[in-house]
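Colleague: The file below is final_16.cif, mmCIF, C-alpha atoms:
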```
data_target
loop_
_atom_site.label_atom_id
_atom_site.label_comp_id
_atom_site.auth_asym_id
_atom_site.auth_seq_id
_atom_site.Cartn_x
_atom_site.Cartn_y
_atom_site.Cartn_z
CA MET A 1 -23.29 -4.19 14.39
CA ARG A 2 -19.81 -4.46 12.91
CA VAL A 3 -19.36 -2.44 9.73
CA LYS A 4 -16.63 -2.97 7.15
CA LEU A 5 -15.48 0.01 5.09
CA THR A 6 -13.56 -0.08 1.83
CA VAL A 7 -11.61 3.17 1.72
CA ALA A 8 -9.84 4.98 -1.13
CA TYR A 9 -7.58 7.94 -0.48
CA ASP A 10 -4.93 10.25 -1.84
CA GLY A 11 -2.29 10.08 0.88
CA THR A 12 -0.32 13.15 -0.21
CA SER A 13 -1.53 15.41 2.60
CA TYR A 14 -1.52 12.81 5.36
CA CYS A 15 1.00 11.24 7.72
CA GLY A 16 -0.09 7.74 6.78
CA TRP A 17 -3.03 5.67 7.99
CA GLN A 18 -2.60 5.25 11.74
CA VAL A 19 -3.50 7.93 14.28
CA GLN A 20 -0.42 9.64 15.67
CA PRO A 21 0.30 12.78 17.70
CA ASN A 22 2.56 14.47 15.16
CA GLY A 23 0.29 14.90 12.15
CA VAL A 24 -3.08 14.39 10.49
CA THR A 25 -3.80 10.83 9.37
CA ILE A 26 -6.44 8.95 7.36
CA GLN A 27 -7.65 7.02 10.40
CA GLU A 28 -8.04 10.22 12.40
CA LYS A 29 -10.29 11.76 9.73
CA LEU A 30 -12.28 8.55 9.46
CA ASN A 31 -12.75 8.30 13.23
CA GLN A 32 -13.98 11.89 13.33
CA ALA A 33 -16.48 11.30 10.53
CA VAL A 34 -17.88 8.08 11.97
CA SER A 35 -18.15 9.56 15.47
CA ASP A 36 -19.89 12.66 14.12
CA LEU A 37 -22.32 10.58 12.07
CA LEU A 38 -23.32 8.21 14.89
CA GLY A 39 -23.01 10.56 17.86
CA ALA A 40 -20.54 8.42 19.78
CA ASP A 41 -16.79 8.09 20.23
CA ILE A 42 -15.97 5.41 17.67
CA GLN A 43 -12.51 4.15 16.74
CA THR A 44 -11.97 2.35 13.46
CA ILE A 45 -9.61 -0.62 13.08
CA GLY A 46 -7.55 -0.72 9.89
CA ALA A 47 -6.33 -3.76 8.00
CA SER A 48 -2.91 -2.30 7.32
CA ARG A 49 -0.73 0.70 8.01
CA THR A 50 0.40 2.91 5.17
CA ASP A 51 3.18 5.49 5.36
CA SER A 52 3.03 9.23 4.78
CA GLY A 53 2.23 9.99 1.15
CA VAL A 54 1.10 6.46 0.24
CA HIS A 55 -2.24 6.05 -1.57
CA ALA A 56 -5.01 3.44 -1.55
CA LEU A 57 -7.92 2.29 -3.67
CA GLY A 58 -9.07 -0.52 -1.40
CA HIS A 59 -7.94 -0.14 2.18
CA VAL A 60 -10.22 -1.87 4.70
CA ALA A 61 -11.39 -0.76 8.13
CA VAL A 62 -14.10 -1.84 10.55
CA PHE A 63 -15.96 -0.31 13.47
CA ASP A 64 -18.70 -1.36 15.89
CA ALA A 65 -21.80 0.74 16.37
CA ASP A 66 -25.30 0.57 17.81
CA THR A 67 -27.29 2.12 14.98
CA ARG A 68 -30.43 1.54 12.95
CA MET A 69 -28.83 2.96 9.83
CA PRO A 70 -28.43 0.21 7.21
CA ALA A 71 -24.77 -0.67 6.79
CA ASP A 72 -24.81 -0.08 3.04
CA LYS A 73 -26.06 3.50 3.54
CA ILE A 74 -23.27 4.48 5.91
CA ALA A 75 -20.84 5.06 3.01
CA PHE A 76 -23.06 7.79 1.58
CA ALA A 77 -23.36 9.58 4.94
CA LEU A 78 -19.64 9.35 5.68
CA ASN A 79 -18.63 10.73 2.29
CA GLU A 80 -20.59 13.88 3.08
CA ARG A 81 -18.41 14.36 6.16
CA LEU A 82 -15.00 13.33 4.83
CA PRO A 83 -12.53 15.53 2.91
CA ARG A 84 -12.51 15.05 -0.86
CA ASP A 85 -9.26 13.08 -0.80
CA ILE A 86 -10.81 10.30 1.34
CA VAL A 87 -13.77 8.41 -0.12
CA ILE A 88 -15.63 5.36 1.18
CA GLN A 89 -16.15 3.00 -1.74
CA LYS A 90 -18.39 0.54 0.10
CA SER A 91 -19.87 -0.10 3.54
CA GLU A 92 -21.29 -3.45 4.59
CA GLU A 93 -22.17 -5.44 7.68
CA VAL A 94 -19.80 -8.26 8.61
CA PRO A 95 -19.79 -10.89 11.39
CA ALA A 96 -18.93 -9.56 14.84
CA ASP A 97 -15.74 -11.64 14.97
CA PHE A 98 -14.39 -10.35 11.64
CA HIS A 99 -11.05 -8.59 12.15
CA PRO A 100 -9.36 -6.92 9.16
CA ARG A 101 -5.80 -7.60 10.39
CA PHE A 102 -6.15 -11.16 11.60
CA ALA A 103 -8.35 -12.65 8.87
CA LYS A 104 -6.59 -14.53 6.07
CA THR A 105 -5.92 -12.11 3.24
CA ASN A 106 -4.32 -11.55 -0.13
CA LYS A 107 -2.97 -8.01 -0.40
CA VAL A 108 -2.35 -6.34 -3.73
CA TYR A 109 0.04 -3.39 -4.14
CA GLU A 110 1.35 -1.47 -7.12
CA TYR A 111 4.42 0.71 -7.27
CA ARG A 112 4.25 3.18 -10.17
CA ILE A 113 7.24 4.83 -11.83
CA LEU A 114 6.98 7.53 -14.49
CA ASN A 115 9.97 6.69 -16.66
CA ARG A 116 10.71 9.29 -19.33
CA THR A 117 12.80 12.38 -19.96
CA PHE A 118 10.48 14.96 -18.36
CA PRO A 119 7.96 14.70 -15.52
CA ASP A 120 4.20 15.07 -15.90
CA PRO A 121 2.66 17.46 -13.36
CA LEU A 122 -0.65 15.60 -13.53
CA LEU A 123 1.02 12.35 -12.45
CA ALA A 124 3.45 13.81 -9.91
CA ARG A 125 1.31 12.95 -6.88
CA TYR A 126 0.84 9.32 -7.88
CA THR A 127 4.10 8.19 -9.48
CA TYR A 128 7.81 8.30 -8.75
CA PHE A 129 9.58 10.15 -11.57
CA PHE A 130 12.78 8.47 -12.78
CA HIS A 131 14.38 9.87 -15.93
CA ARG A 132 16.99 7.21 -16.70
CA LYS A 133 15.76 4.51 -19.08
CA LEU A 134 14.66 1.37 -17.23
CA ASP A 135 14.85 -2.14 -18.68
CA VAL A 136 11.38 -3.46 -17.85
CA GLU A 137 12.00 -6.96 -19.17
CA LEU A 138 15.07 -7.34 -16.95
CA MET A 139 13.21 -5.94 -13.94
CA ASN A 140 10.37 -8.40 -14.48
CA ALA A 141 12.77 -11.33 -14.81
CA GLU A 142 14.67 -10.32 -11.66
CA ALA A 143 11.45 -9.89 -9.69
CA GLN A 144 10.47 -13.54 -10.17
CA ALA A 145 13.13 -14.57 -7.64
CA LEU A 146 10.83 -13.08 -4.98
CA VAL A 147 7.85 -15.33 -5.74
CA GLY A 148 7.12 -17.92 -3.06
CA GLU A 149 7.66 -18.13 0.69
CA HIS A 150 10.91 -16.50 1.75
CA ASP A 151 12.66 -14.72 4.59
CA PHE A 152 12.40 -11.12 3.37
CA THR A 153 14.77 -9.57 5.93
CA SER A 154 16.72 -7.92 3.09
CA PHE A 155 13.55 -6.19 1.89
CA ALA A 156 12.23 -4.93 5.23
CA SER A 157 12.94 -1.69 7.04
CA ILE A 158 15.24 -1.97 10.03
CA LYS A 159 12.33 -0.39 11.93
CA SER A 160 10.14 -3.45 11.28
CA GLN A 161 8.52 -4.77 14.44
CA THR A 162 7.77 -8.43 13.78
CA ASN A 163 8.51 -11.88 15.12
CA SER A 164 9.08 -13.28 11.64
CA PHE A 165 10.33 -11.90 8.35
CA VAL A 166 8.86 -14.81 6.43
CA ARG A 167 6.18 -13.81 3.93
CA THR A 168 4.74 -15.27 0.74
CA ILE A 169 4.56 -13.42 -2.56
CA HIS A 170 2.05 -15.13 -4.84
CA LYS A 171 2.65 -13.02 -7.93
CA ILE A 172 4.83 -10.16 -9.09
CA SER A 173 5.09 -8.49 -12.49
CA VAL A 174 6.71 -5.40 -13.99
CA THR A 175 5.07 -3.78 -17.02
CA ARG A 176 5.14 -0.47 -18.90
CA ASP A 177 1.97 1.20 -20.20
CA ASP A 178 1.51 3.59 -23.13
CA ASN A 179 2.10 6.62 -20.87
CA ASP A 180 5.57 5.43 -19.84
CA VAL A 181 4.32 4.44 -16.40
CA ILE A 182 6.05 1.30 -15.13
CA LYS A 183 3.88 -0.71 -12.74
CA ILE A 184 5.38 -3.15 -10.26
CA HIS A 185 2.38 -5.29 -9.33
CA VAL A 186 2.78 -7.44 -6.20
CA GLU A 187 0.36 -9.85 -4.55
CA GLY A 188 1.03 -11.63 -1.27
CA ASN A 189 -0.31 -12.83 2.05
CA GLY A 190 1.16 -9.86 3.88
CA PHE A 191 4.02 -7.40 3.67
CA LEU A 192 6.70 -6.13 6.01
CA TYR A 193 7.29 -2.46 6.78
CA ASN A 194 8.47 -0.76 3.56
CA GLN A 195 8.79 -4.13 1.80
CA VAL A 196 7.18 -3.13 -1.50
CA ARG A 197 9.04 0.18 -1.63
CA ILE A 198 12.37 -1.58 -1.01
CA ILE A 199 11.55 -4.12 -3.72
CA ALA A 200 10.83 -1.21 -6.06
CA GLY A 201 14.06 0.58 -5.16
CA SER A 202 16.04 -2.62 -5.72
CA LEU A 203 14.43 -3.30 -9.10
CA ILE A 204 15.17 0.27 -10.18
CA LEU A 205 18.86 -0.33 -9.49
CA VAL A 206 18.81 -3.37 -11.78
CA GLY A 207 16.64 -1.76 -14.46
CA SER A 208 18.89 1.30 -14.66
CA GLY A 209 22.06 -0.77 -14.97
CA GLN A 210 23.40 0.14 -11.54
CA ARG A 211 23.33 -3.53 -10.52
CA GLU A 212 23.88 -6.68 -12.57
CA ALA A 213 21.37 -9.44 -13.26
CA GLY A 214 21.06 -11.75 -10.28
CA PHE A 215 21.14 -8.89 -7.79
CA ILE A 216 17.63 -9.52 -6.44
CA LYS A 217 18.23 -13.23 -5.80
CA LYS A 218 21.54 -12.51 -4.05
CA ALA A 219 19.96 -9.79 -1.93
CA LEU A 220 17.12 -12.11 -0.92
CA GLU A 221 19.51 -14.88 0.12
CA ALA A 222 21.71 -12.48 2.13
CA HIS A 223 19.03 -11.83 4.81
CA ASP A 224 20.62 -8.41 5.28
CA ARG A 225 18.92 -5.04 4.67
CA GLU A 226 22.18 -3.57 3.39
CA ALA A 227 22.27 -6.14 0.58
CA SER A 228 19.24 -4.71 -1.22
CA GLY A 229 18.41 -1.33 -2.74
CA PRO A 230 17.04 1.93 -1.32
CA THR A 231 13.48 2.51 -0.18
CA ALA A 232 11.66 4.08 -3.13
CA PRO A 233 9.65 7.28 -2.38
CA PRO A 234 6.12 6.89 -1.01
CA GLU A 235 4.18 8.70 -3.74
CA GLY A 236 4.56 5.77 -6.15
CA LEU A 237 2.95 3.22 -3.82
CA LEU A 238 -0.72 2.25 -4.08
CA LEU A 239 -2.61 -0.27 -1.95
CA VAL A 240 -4.90 -1.63 -4.67
CA ARG A 241 -7.08 -3.99 -2.65
CA ILE A 242 -7.26 -6.53 0.16
CA ASP A 243 -9.01 -9.81 -0.64
CA TYR A 244 -10.50 -11.87 2.20
#
```
Starting from the coordinates I provided, produce the structure as structure tokens.
Modeller:
Amino acid sequence: MRVKLTVAYDGTSYCGWQVQPNGVTIQEKLNQAVSDLLGADIQTIGASRTDSGVHALGHVAVFDADTRMPADKIAFALNERLPRDIVIQKSEEVPADFHPRFAKTNKVYEYRILNRTFPDPLLARYTYFFHRKLDVELMNAEAQALVGEHDFTSFASIKSQTNSFVRTIHKISVTRDDNDVIKIHVEGNGFLYNQVRIIAGSLILVGSGQREAGFIKKALEAHDREASGPTAPPEGLLLVRIDY
């Protein structure tokens, strides 16, 4: 049986999603919990990698197991074994050939910026604090240059390991809520390493007046990482969901 898990987590205390030798990760904790529950060495497969400190509401992972436990009950059993900052939102059986990385998807991310004079300690783990006033309307207008299929070399980390920098952004918006949290909402068919955080860092430059209007379009057309803005800190990034 192949089981699909929808996973939410606070990434503050973890070195990202993928198992690595230098720190504790979300996948490591999940593997331990699944293996303990089913009495076998089981390795989960994640849909996406997230960096240290990045959060998720709807990450997806799968694993194969020979068990009589109903797939929809596995979430309850795993949550008893996982730390409080990792919670399975749903478990379900999927076809044996379903693969979370290779299936056609729409991924939804949000980058959240607390934009006011003083920080809020209750939001510090989940937003990037930026005290200079940001022009949200300008940021939203600039962001629209990214919609569509483009070569996003300028908005990818130089550490990206990929054969193509072409990706499609279906929708992007920048809004401010009543708590002075600015949300950069991005939907696309896939994202390059650090792409959303670099988009956020670039939009912050424009919104704070450090770059003129048209900066995002010029950066996109340059196909050069040095043409765009900095990589915004990880705590503001949230993987909202992955639609299949």
Colleague: Identify, on the basis of only C-alpha atoms, every residue whose closest approach to A:Asp97 does not exceed 12 Å; exclude the query and any residue fewer than 2 positions from it along the same chain; express the result as a PyMOL selection string.
Modeller: chain A and resi 1-4+62-64+93-95+99-103
Colleague: I'd like to see the residues matched by the PyMOL selection byres ((chain A and resi 184) around 8) on this file, and ideally I'd get them as a VMD selection string.
Modeller: chain A and resid 110 to 112 172 to 175 182 to 183 185 to 186 200
Colleague: So that I can check the surroundings of A:Ile169, please list as an NGL selection string every protein, DNA and RNA residue that reaches within 7 Å of it, counting only C-alpha atoms and ignoring chain neighbours fewer than 6 positions away.
Modeller: :A and (146-149 or 187-189)
Colleague: Which residues are near A:Asp151? Cut-off 12 Å, only C-alpha atoms, ignore same chain within fewer than 2 positions. Put them as a list in words.
Modeller: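 Within the cut-off, the hits are Leu146, Val147, Gly148, Glu149, Thr153, Ser154, Phe155, Ala156, Asn163, Ser164, Phe165, Val166, Arg167, Thr168, Ile169, Phe191, Leu192, Gln195, Lys217, Ala219, Leu220, Glu221, Ala222, His223, Asp224 and Arg225 of chain A.
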Colleague: When the PyMOL selection byres ((chain A and resi 208) around 12) is applied to the structure above, which residues does it catch, written out as a PDB file with C-alpha atoms, in the frame of the given file?
Modeller:
```pdb
ATOM      1  CA  ASN A 115       9.970   6.690 -16.660  1.00  0.00           C
ATOM      2  CA  PHE A 130      12.780   8.470 -12.780  1.00  0.00           C
ATOM      3  CA  HIS A 131      14.380   9.870 -15.930  1.00  0.00           C
ATOM      4  CA  ARG A 132      16.990   7.210 -16.700  1.00  0.00           C
ATOM      5  CA  LYS A 133      15.760   4.510 -19.080  1.00  0.00           C
ATOM      6  CA  LEU A 134      14.660   1.370 -17.230  1.00  0.00           C
ATOM      7  CA  ASP A 135      14.850  -2.140 -18.680  1.00  0.00           C
ATOM      8  CA  VAL A 136      11.380  -3.460 -17.850  1.00  0.00           C
ATOM      9  CA  GLU A 137      12.000  -6.960 -19.170  1.00  0.00           C
ATOM     10  CA  LEU A 138      15.070  -7.340 -16.950  1.00  0.00           C
ATOM     11  CA  MET A 139      13.210  -5.940 -13.940  1.00  0.00           C
ATOM     12  CA  GLY A 201      14.060   0.580  -5.160  1.00  0.00           C
ATOM     13  CA  SER A 202      16.040  -2.620  -5.720  1.00  0.00           C
ATOM     14  CA  LEU A 203      14.430  -3.300  -9.100  1.00  0.00           C
ATOM     15  CA  ILE A 204      15.170   0.270 -10.180  1.00  0.00           C
ATOM     16  CA  LEU A 205      18.860  -0.330  -9.490  1.00  0.00           C
ATOM     17  CA  VAL A 206      18.810  -3.370 -11.780  1.00  0.00           C
ATOM     18  CA  GLY A 207      16.640  -1.760 -14.460  1.00  0.00           C
ATOM     19  CA  GLY A 209      22.060  -0.770 -14.970  1.00  0.00           C
ATOM     20  CA  GLN A 210      23.400   0.140 -11.540  1.00  0.00           C
ATOM     21  CA  ARG A 211      23.330  -3.530 -10.520  1.00  0.00           C
ATOM     22  CA  GLU A 212      23.880  -6.680 -12.570  1.00  0.00           C
ATOM     23  CA  ALA A 213      21.370  -9.440 -13.260  1.00  0.00           C
TER      24      ALA A 213
END
```
Colleague: Using all atoms listed in the file, pick whichever of A:Ile242, A:Ile198, A:Ile158, A:Ala8 has the shortest atom-to-atom distance to A:Gln89.
Modeller: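 Comparing A:Ile242, A:Ile198, A:Ile158, A:Ala8 against A:Gln89, the winner is A:Ala8.
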Colleague: If you take only C-alpha atoms and a cut-off of 10 Å, which residues of stretch 66-159 of chain A touch stretch 27-32 of chain A, and what are their nearest atom pairs and distances in Å to one decimal, in chain and number order, as a Markdown table?
Modeller:
```
| residue | atom | partner | partner_atom | distance |
| --- | --- | --- | --- | --- |
| A:Leu78 | CA | A:Leu30 | CA | 8.3 |
| A:Asn79 | CA | A:Leu30 | CA | 9.8 |
| A:Arg81 | CA | A:Gln32 | CA | 8.8 |
| A:Leu82 | CA | A:Lys29 | CA | 7.0 |
| A:Pro83 | CA | A:Lys29 | CA | 8.1 |
| A:Ile86 | CA | A:Leu30 | CA | 8.4 |
| A:Val87 | CA | A:Leu30 | CA | 9.7 |
| A:Ile88 | CA | A:Leu30 | CA | 9.5 |
```
